[in-house]
Structure formats: C-alpha cells, structure tokens
>>> print(open('my_file-v4.txt').read())   # compact mmCIF, C-alpha atoms and all ligand atoms
# COMPACT_ATOMS: atom_id res chain seq x y z
CA MET A 1 0.00 0.00 0.00
CA ARG A 2 1.04 3.58 -0.51
CA ILE A 3 -0.80 6.63 0.80
CA GLN A 4 0.44 10.17 0.89
CA LYS A 5 -0.79 13.42 2.38
CA ASP A 6 1.31 16.57 2.37
CA ASN A 7 4.79 15.55 3.60
CA ILE A 8 3.67 12.21 5.10
CA LEU A 9 4.03 8.96 3.17
CA ILE A 10 2.92 5.53 4.40
CA ARG A 11 4.18 2.69 2.23
CA THR A 12 4.61 -1.07 2.41
CA ALA A 13 7.97 -2.04 3.89
CA THR A 14 10.45 -3.85 1.64
CA VAL A 15 13.54 -5.89 2.48
CA ASP A 16 15.51 -2.68 1.93
CA ASP A 17 13.92 -1.41 5.17
CA ALA A 18 15.07 -4.45 7.17
CA VAL A 19 18.16 -2.83 8.72
CA GLN A 20 16.21 0.22 9.90
CA LEU A 21 13.29 -1.83 11.26
CA ASN A 22 15.65 -4.24 13.00
CA LYS A 23 17.45 -1.31 14.63
CA TRP A 24 14.18 0.14 15.93
CA TRP A 25 12.80 -3.21 17.13
CA ASN A 26 15.98 -3.99 19.02
CA ASP A 27 16.12 -0.55 20.66
CA GLY A 28 14.65 -0.70 24.19
CA ARG A 29 13.84 3.03 24.21
CA VAL A 30 11.72 2.63 21.09
CA MET A 31 10.04 -0.59 22.24
CA GLU A 32 9.41 0.33 25.88
CA HIS A 33 5.85 1.51 25.18
CA ALA A 34 5.04 -2.02 23.99
CA GLY A 35 6.50 -3.69 27.09
CA PHE A 36 9.95 -4.51 25.65
CA PRO A 37 12.38 -2.18 27.45
CA TYR A 38 15.34 -4.33 26.34
CA GLY A 39 14.20 -4.42 22.70
CA LEU A 40 13.00 -7.51 20.84
CA GLY A 41 16.43 -9.03 20.32
CA GLU A 42 15.47 -10.10 16.82
CA SER A 43 17.99 -11.17 14.20
CA LEU A 44 18.16 -9.35 10.87
CA GLU A 45 17.16 -12.61 9.13
CA ASP A 46 13.97 -12.80 11.22
CA THR A 47 13.16 -9.16 10.44
CA ILE A 48 13.54 -9.92 6.73
CA GLU A 49 11.20 -12.91 7.10
CA ASN A 50 8.66 -10.71 8.93
CA ILE A 51 8.77 -8.16 6.11
CA LYS A 52 8.22 -10.89 3.52
CA LYS A 53 5.10 -12.11 5.35
CA SER A 54 3.19 -8.97 4.35
CA ASP A 55 0.12 -9.48 2.19
CA GLU A 56 -3.04 -7.50 1.45
CA PHE A 57 -4.58 -8.38 4.83
CA ASN A 58 -1.41 -8.25 6.87
CA GLN A 59 0.74 -5.21 6.20
CA LEU A 60 3.93 -3.84 7.64
CA CYS A 61 4.58 -0.26 6.54
CA ILE A 62 7.16 2.47 6.84
CA ILE A 63 6.18 6.02 7.76
CA GLU A 64 8.20 8.67 5.95
CA ILE A 65 8.14 12.38 6.68
CA ASP A 66 9.87 14.66 4.18
CA GLY A 67 11.43 11.54 2.64
CA LYS A 68 12.92 10.28 5.91
CA ALA A 69 11.88 6.98 7.52
CA VAL A 70 10.67 7.96 11.01
CA GLY A 71 8.49 5.05 12.08
CA GLU A 72 6.45 2.04 11.23
CA LEU A 73 2.89 0.88 11.28
CA SER A 74 1.14 -2.39 10.71
CA TYR A 75 -2.33 -3.75 10.37
CA LYS A 76 -4.02 -7.07 10.00
CA ILE A 77 -7.55 -7.69 8.85
CA ARG A 78 -9.72 -10.45 10.29
CA GLY A 79 -13.36 -10.63 9.24
CA ASP A 80 -14.85 -7.14 9.32
CA THR A 81 -12.22 -5.74 11.71
CA ALA A 82 -8.80 -4.17 11.14
CA TYR A 83 -6.19 -4.31 13.93
CA PRO A 84 -3.56 -1.58 13.52
CA GLY A 85 -0.42 -0.55 15.39
CA CYS A 86 1.51 2.68 14.93
CA LYS A 87 4.88 3.84 16.14
CA ILE A 88 6.85 7.02 15.47
CA CYS A 89 10.30 5.64 16.29
CA ASP A 90 12.34 8.78 15.70
CA PHE A 91 11.78 10.81 18.89
CA ASP A 92 12.38 14.09 17.03
CA TYR A 93 9.11 13.49 15.17
CA GLN A 94 6.91 12.72 18.19
CA ASN A 95 4.59 15.31 19.77
CA LYS A 96 4.47 17.40 16.61
CA GLY A 97 0.99 16.43 15.47
CA TYR A 98 2.19 13.79 13.00
CA GLY A 99 0.84 10.78 14.94
CA THR A 100 -2.71 12.10 14.85
CA LYS A 101 -2.47 12.77 11.10
CA ILE A 102 -0.90 9.37 10.38
CA ILE A 103 -3.58 7.46 12.32
CA LEU A 104 -6.37 9.37 10.54
CA MET A 105 -4.74 8.69 7.14
CA LEU A 106 -4.52 4.98 7.94
CA PHE A 107 -8.10 4.74 9.22
CA GLU A 108 -9.48 6.53 6.18
CA PHE A 109 -7.54 4.14 3.95
CA LEU A 110 -8.82 1.08 5.85
CA PHE A 111 -12.44 2.17 5.61
CA THR A 112 -12.34 3.31 1.97
CA ASP A 113 -9.72 1.33 0.04
CA GLU A 114 -11.65 -0.47 -2.69
CA THR A 115 -9.39 -3.50 -2.93
CA ILE A 116 -9.72 -4.25 0.76
CA ASN A 117 -13.38 -3.31 1.15
CA SER A 118 -14.56 -5.17 -1.97
CA LYS A 119 -13.20 -8.37 -0.43
CA CYS A 120 -14.15 -7.70 3.16
CA ARG A 121 -15.88 -4.52 4.19
CA ILE A 122 -14.22 -3.02 7.25
CA GLU A 123 -16.83 -2.11 9.86
CA ARG A 124 -14.53 -1.59 12.82
CA ILE A 125 -10.92 -0.79 13.70
CA ALA A 126 -9.74 -2.09 17.09
CA TRP A 127 -6.46 -1.78 18.99
CA ASP A 128 -5.06 -1.40 22.46
CA THR A 129 -2.33 0.38 24.38
CA MET A 130 -0.67 0.04 27.76
CA LEU A 131 -2.34 1.83 30.68
CA GLU A 132 0.84 3.88 31.24
CA ASN A 133 0.78 5.27 27.71
CA LYS A 134 -1.12 8.46 28.56
CA ARG A 135 -0.03 10.29 25.42
CA ALA A 136 -1.48 7.58 23.17
CA GLN A 137 -4.71 7.55 25.20
CA HIS A 138 -4.99 11.33 24.89
CA VAL A 139 -4.57 11.08 21.12
CA TYR A 140 -7.12 8.25 20.80
CA GLU A 141 -9.75 9.79 23.07
CA ASN A 142 -9.44 13.50 22.37
CA LYS A 143 -7.89 13.87 18.94
CA ILE A 144 -9.24 10.98 16.85
CA ARG A 145 -12.35 10.45 18.97
CA ALA A 146 -12.02 6.68 19.35
CA ARG A 147 -14.15 4.82 21.87
CA ARG A 148 -12.46 3.41 24.97
CA VAL A 149 -14.21 0.06 25.21
CA GLY A 150 -12.48 -1.64 28.11
CA VAL A 151 -9.53 -2.15 30.39
CA ARG A 152 -7.88 -5.54 30.79
CA LYS A 153 -6.10 -5.48 34.11
CA ASP A 154 -2.83 -7.39 34.45
CA CYS A 155 -3.51 -9.21 31.18
CA TRP A 156 0.07 -9.52 30.03
CA LYS A 157 3.51 -10.03 31.50
CA ASP A 158 6.13 -7.75 30.00
CA GLN A 159 9.79 -8.45 29.32
CA THR A 160 10.75 -7.61 32.92
CA GLY A 161 8.14 -10.00 34.31
CA ARG A 162 5.81 -7.20 35.39
CA LEU A 163 2.07 -7.61 34.84
CA ARG A 164 0.69 -4.92 32.55
CA THR A 165 -2.79 -3.55 31.98
CA ALA A 166 -4.15 -2.86 28.50
CA VAL A 167 -6.74 -0.29 27.43
CA ASP A 168 -8.91 -1.29 24.46
CA TYR A 169 -10.11 1.11 21.78
CA GLU A 170 -12.31 0.91 18.73
CA ILE A 171 -13.74 3.13 16.08
CA ARG A 172 -16.69 2.11 13.96
CA ARG A 173 -17.17 2.93 10.29
CA GLU A 174 -20.32 5.00 10.82
CA ASP A 175 -18.72 7.10 13.57
CA PHE A 176 -15.50 7.69 11.63
CA MET A 177 -17.32 8.60 8.42
CA SER A 178 -19.81 10.93 10.13
CA ASP A 179 -17.01 12.72 12.01
CA LYS A 180 -15.17 13.23 8.73
CA ASN A 181 -18.11 15.00 7.05
C1 LIG A 201 1.47 7.72 20.29
C2 LIG A 201 1.92 8.45 19.05
C3 LIG A 201 1.45 7.71 17.79
C4 LIG A 201 1.27 9.86 19.05
O1 LIG A 201 1.75 10.59 17.97
P1 LIG A 201 2.40 12.04 18.20
O2 LIG A 201 2.72 12.61 16.88
O3 LIG A 201 3.52 11.94 19.17
O4 LIG A 201 1.18 12.80 18.88
P2 LIG A 201 0.52 14.20 18.49
O5 LIG A 201 1.60 15.24 18.42
O6 LIG A 201 -0.37 14.03 17.31
O7 LIG A 201 -0.39 14.44 19.77
C5 LIG A 201 0.15 14.32 21.06
C6 LIG A 201 -0.87 14.79 22.08
O8 LIG A 201 -0.62 14.14 23.33
C7 LIG A 201 -0.37 15.11 24.32
N1 LIG A 201 0.59 14.53 25.25
C8 LIG A 201 1.94 14.46 25.13
N2 LIG A 201 2.45 13.79 26.19
C9 LIG A 201 1.39 13.43 26.97
C10 LIG A 201 1.27 12.72 28.20
N3 LIG A 201 2.34 12.24 28.83
N4 LIG A 201 0.03 12.52 28.71
C11 LIG A 201 -1.07 13.01 28.07
N5 LIG A 201 -1.02 13.68 26.91
C12 LIG A 201 0.20 13.90 26.36
C13 LIG A 201 0.13 16.34 23.57
O9 LIG A 201 -0.05 17.51 24.34
C14 LIG A 201 -0.77 16.28 22.34
O10 LIG A 201 -2.08 16.70 22.62
P3 LIG A 201 -2.65 18.17 22.25
O11 LIG A 201 -2.44 18.35 20.78
O12 LIG A 201 -4.09 18.09 22.64
O13 LIG A 201 -1.82 19.15 23.07
C15 LIG A 201 3.48 8.65 18.99
O14 LIG A 201 3.88 9.48 20.07
C16 LIG A 201 4.23 7.33 19.07
O15 LIG A 201 4.35 6.65 18.07
N6 LIG A 201 4.76 7.01 20.26
C17 LIG A 201 5.58 5.82 20.46
C18 LIG A 201 4.85 4.53 20.22
C19 LIG A 201 3.46 4.47 20.82
O16 LIG A 201 3.22 4.89 21.94
N7 LIG A 201 2.53 3.91 20.02
C20 LIG A 201 1.12 3.82 20.37
C21 LIG A 201 0.83 2.90 21.44
S1 LIG A 201 0.46 1.27 20.96
>>> encode(input="my_file-v4.txt", output="structure tokens")
Amino acid sequence: MRIQKDNILIRTATVDDAVQLNKWWNDGRVMEHAGFPYGLGESLEDTIENIKKSDEFNQLCIIEIDGKAVGELSYKIRGDTAYPGCKICDFDYQNKGYGTKIILMLFEFLFTDETINSKCRIERIAWDTMLENKRAQHVYENKIRARRVGVRKDCWKDQTGRLRTAVDYEIRREDFMSDKN
C-alpha cells in the first residue's frame, strides 16, 4: 500500500527497510511503550522474514516524513475488523501532530480502500495500548475520537516480568465517516 498526504508517506515495507526496522525493534527506548524495554532481540534474518510475510490483509509499513523513515505501522484484517499498530520511532518526530495525522490517514484508507473493502468490508478498527501510555490515550480519546471500550487489568507479563494492563479502543465505520463529514 502507498498513501500520501502533504509531507507524510505511508508505504509497504520492503527488504531494503530491514536494517532500519531491525534497529528500531531492538532498541529498548523505542520498544518500551510495547513492554519490551530491552528491545526484541530479533535477528536481521527474522526481520527480513517478517517483512516478507506482508500481504493484502497483513501489512507492515514504513512512515516517511519529508522523505525520511521515522516510524512504522502495521495492520491485519480479520473478518470485518482491522487491527492496527503505529509507532513514530524517531523521537524528534513525536509530539508534533504527525501521529494524529498518520492514524487518521490509515483509518481513512482502511475504511475506503476499494481492494480491501470489496473483499471484506471493514466495519470496525480495534487496537489497544498500555495503561501507562497516557499520550497515546490522549490522542485516541481527544484527537481521533475513538471509543475506549475496556480495560484488561494485568492481562500480560512484559519483558521484565511485570504484569501490565491494556486499554482497548475501537472506532466504527459510521462514527469515523460521520465525524469526517
Ligand atoms: C502515540 C503516538 C502515535 C502519538 O503521535 P504524536 O505525533 O507523538 O502525537 P501528536 O503530536 O499528534 O499528539 C500528542 C498529544 O498528546 C499530548 N501529550 C503528550 N504527552 C502526553 C502525556 N504524557 N500525557 C497526556 N497527553 C500527552 C500532547 O499535548 C498532544 O495533545 P494536544 O495536541 O491536545 O496538546 C506517537 O507518540 C508514538 O508513536 N509514540 C511511540 C509509540 C506508541 O506509543 N505507540 C502507540 C501505542 S500502541
């Protein structure tokens, strides 16, 4: 996939992105928000394999701003629901309004892309974040107007062995489309 708005480009990752992705995924500062403060410890070969697994319903993408790779996003589609994840990995590009724009670009794509929606119409987008990630929750609740649908207490043990709580979000097609108009 490839979508562009102003200076933001979201495009399918290729094996040429493997070194950059591997660097981000193995960096504990970048991965801390996901519960991996020591990084994933993934080999370059495994990253290449992960990139190759992408298909229409399971995408791994690079986020570029002004031609520079600054982060990654992914989504998978199961039935009528898309499950995305988004990460601005370059700290210099966080807190500048890009995350909100990127998420809205992705959601619009997921709800309107003809290739995807002719095969399975997306009715809902669902994702979660860690309870400690207050910035992400602020963006989801106040900037993209997603619905906070639940909290799963101590549902997952992170890399340090600490139990973590997840907050679940969703946005439905009718709500997203009516907000847009
Ligand atoms: C979460 C993320 C996508 C948000 O994108 P971003 O470009 O940094 O965010 P924006 O600049 O669009 O908006 C940030 C908002 O959060 C607010 N904010 C910043 N830090 C905050 C905090 N600790 N608590 C609450 N709100 C906070 C900002 O003030 C701003 O809101 P405002 O415009 O109303 O003032 C991005 O920071 C990111 O990728 N972070 C690392 C990975 C991650 O957390 N991914 C999502 C979780 S699964």
>>> atom_distance(input="my_file-v4.txt", atom1="atom CA of Gly79 of chain A", atom2="atom CA of Asp158 of chain A")
28.6 Å
>>> residues_around(input="my_file-v4.txt", residues="Leu131 of chain A", least_positions_apart="6", cutoff="6 Å", atoms="only C-alpha atoms", output="short mmCIF file (atom, residue, chain, number, x, y, z; two decimals) with C-alpha atoms, keeping the file's coordinate frame")
data_model
loop_
_atom_site.label_atom_id
_atom_site.label_comp_id
_atom_site.auth_asym_id
_atom_site.auth_seq_id
_atom_site.Cartn_x
_atom_site.Cartn_y
_atom_site.Cartn_z
CA THR A 165 -2.79 -3.55 31.98
CA ALA A 166 -4.15 -2.86 28.50
CA VAL A 167 -6.74 -0.29 27.43
#
>>> residues_near_ligand(input="my_file-v4.txt", ligand="ligand LIG 201 (chain A)", cutoff="10 Å", atoms="only C-alpha atoms and all ligand atoms", output="VMD selection string")
chain A and resid 29 to 35 70 to 73 84 to 103 127 to 140 142 to 144 166 to 167
>>> write_last_selection(input="my_file-v4.txt", atoms="C-alpha atoms", output="mmCIF file, in the frame of the given file")
data_model
loop_
_atom_site.group_PDB
_atom_site.id
_atom_site.type_symbol
_atom_site.label_atom_id
_atom_site.label_comp_id
_atom_site.auth_asym_id
_atom_site.auth_seq_id
_atom_site.Cartn_x
_atom_site.Cartn_y
_atom_site.Cartn_z
ATOM 1 C CA ARG A 29 13.840 3.030 24.210
ATOM 2 C CA VAL A 30 11.720 2.630 21.090
ATOM 3 C CA MET A 31 10.040 -0.590 22.240
ATOM 4 C CA GLU A 32 9.410 0.330 25.880
ATOM 5 C CA HIS A 33 5.850 1.510 25.180
ATOM 6 C CA ALA A 34 5.040 -2.020 23.990
ATOM 7 C CA GLY A 35 6.500 -3.690 27.090
ATOM 8 C CA VAL A 70 10.670 7.960 11.010
ATOM 9 C CA GLY A 71 8.490 5.050 12.080
ATOM 10 C CA GLU A 72 6.450 2.040 11.230
ATOM 11 C CA LEU A 73 2.890 0.880 11.280
ATOM 12 C CA PRO A 84 -3.560 -1.580 13.520
ATOM 13 C CA GLY A 85 -0.420 -0.550 15.390
ATOM 14 C CA CYS A 86 1.510 2.680 14.930
ATOM 15 C CA LYS A 87 4.880 3.840 16.140
ATOM 16 C CA ILE A 88 6.850 7.020 15.470
ATOM 17 C CA CYS A 89 10.300 5.640 16.290
ATOM 18 C CA ASP A 90 12.340 8.780 15.700
ATOM 19 C CA PHE A 91 11.780 10.810 18.890
ATOM 20 C CA ASP A 92 12.380 14.090 17.030
ATOM 21 C CA TYR A 93 9.110 13.490 15.170
ATOM 22 C CA GLN A 94 6.910 12.720 18.190
ATOM 23 C CA ASN A 95 4.590 15.310 19.770
ATOM 24 C CA LYS A 96 4.470 17.400 16.610
ATOM 25 C CA GLY A 97 0.990 16.430 15.470
ATOM 26 C CA TYR A 98 2.190 13.790 13.000
ATOM 27 C CA GLY A 99 0.840 10.780 14.940
ATOM 28 C CA THR A 100 -2.710 12.100 14.850
ATOM 29 C CA LYS A 101 -2.470 12.770 11.100
ATOM 30 C CA ILE A 102 -0.900 9.370 10.380
ATOM 31 C CA ILE A 103 -3.580 7.460 12.320
ATOM 32 C CA TRP A 127 -6.460 -1.780 18.990
ATOM 33 C CA ASP A 128 -5.060 -1.400 22.460
ATOM 34 C CA THR A 129 -2.330 0.380 24.380
ATOM 35 C CA MET A 130 -0.670 0.040 27.760
ATOM 36 C CA LEU A 131 -2.340 1.830 30.680
ATOM 37 C CA GLU A 132 0.840 3.880 31.240
ATOM 38 C CA ASN A 133 0.780 5.270 27.710
ATOM 39 C CA LYS A 134 -1.120 8.460 28.560
ATOM 40 C CA ARG A 135 -0.030 10.290 25.420
ATOM 41 C CA ALA A 136 -1.480 7.580 23.170
ATOM 42 C CA GLN A 137 -4.710 7.550 25.200
ATOM 43 C CA HIS A 138 -4.990 11.330 24.890
ATOM 44 C CA VAL A 139 -4.570 11.080 21.120
ATOM 45 C CA TYR A 140 -7.120 8.250 20.800
ATOM 46 C CA ASN A 142 -9.440 13.500 22.370
ATOM 47 C CA LYS A 143 -7.890 13.870 18.940
ATOM 48 C CA ILE A 144 -9.240 10.980 16.850
ATOM 49 C CA ALA A 166 -4.150 -2.860 28.500
ATOM 50 C CA VAL A 167 -6.740 -0.290 27.430
#
>>> closest_residue(input="my_file-v4.txt", among="A:Leu21, A:Glu56, A:Lys119, A:Cys61", to="Ser43 of chain A", atoms="all atoms listed in the file")
A:Leu21
>>> closest_atom_pairs(input="my_file-v4.txt", of="segment 90-153 of chain A", to="segment 171-178 of chain A", cutoff="10 Å", atoms="all atoms listed in the file", output="Markdown table")
| residue | atom | partner | partner_atom | distance |
| --- | --- | --- | --- | --- |
| A:Leu104 | CA | A:Phe176 | CA | 9.3 |
| A:Phe107 | CA | A:Phe176 | CA | 8.3 |
| A:Glu108 | CA | A:Phe176 | CA | 8.2 |
| A:Leu110 | CA | A:Arg173 | CA | 9.6 |
| A:Phe111 | CA | A:Arg173 | CA | 6.7 |
| A:Thr112 | CA | A:Arg173 | CA | 9.6 |
| A:Arg121 | CA | A:Arg173 | CA | 9.7 |
| A:Ile122 | CA | A:Arg173 | CA | 7.3 |
| A:Glu123 | CA | A:Arg173 | CA | 5.1 |
| A:Arg124 | CA | A:Arg172 | CA | 4.4 |
| A:Ile125 | CA | A:Ile171 | CA | 5.4 |
| A:Ala126 | CA | A:Ile171 | CA | 6.7 |
| A:Trp127 | CA | A:Ile171 | CA | 9.3 |
| A:Tyr140 | CA | A:Ile171 | CA | 9.6 |
| A:Ile144 | CA | A:Phe176 | CA | 8.8 |
| A:Arg145 | CA | A:Ile171 | CA | 8.0 |
| A:Ala146 | CA | A:Ile171 | CA | 5.1 |
| A:Arg147 | CA | A:Ile171 | CA | 6.0 |
| A:Arg148 | CA | A:Ile171 | CA | 9.0 |
| A:Val149 | CA | A:Ile171 | CA | 9.6 |
>>> atom_distance(input="my_file-v4.txt", atom1="atom CA of Asp16 of chain A", atom2="atom CA of Ile48 of chain A")
8.9 Å
>>> atom_distance(input="my_file-v4.txt", atom1="atom CA of Tyr83 of chain A", atom2="atom CA of Arg152 of chain A")
17.0 Å
>>> residues_around(input="my_file-v4.txt", residues="Leu163 of chain A", least_positions_apart="6", cutoff="6 Å", atoms="only C-alpha atoms", output="ChimeraX atom specification")
/A:154,156-157
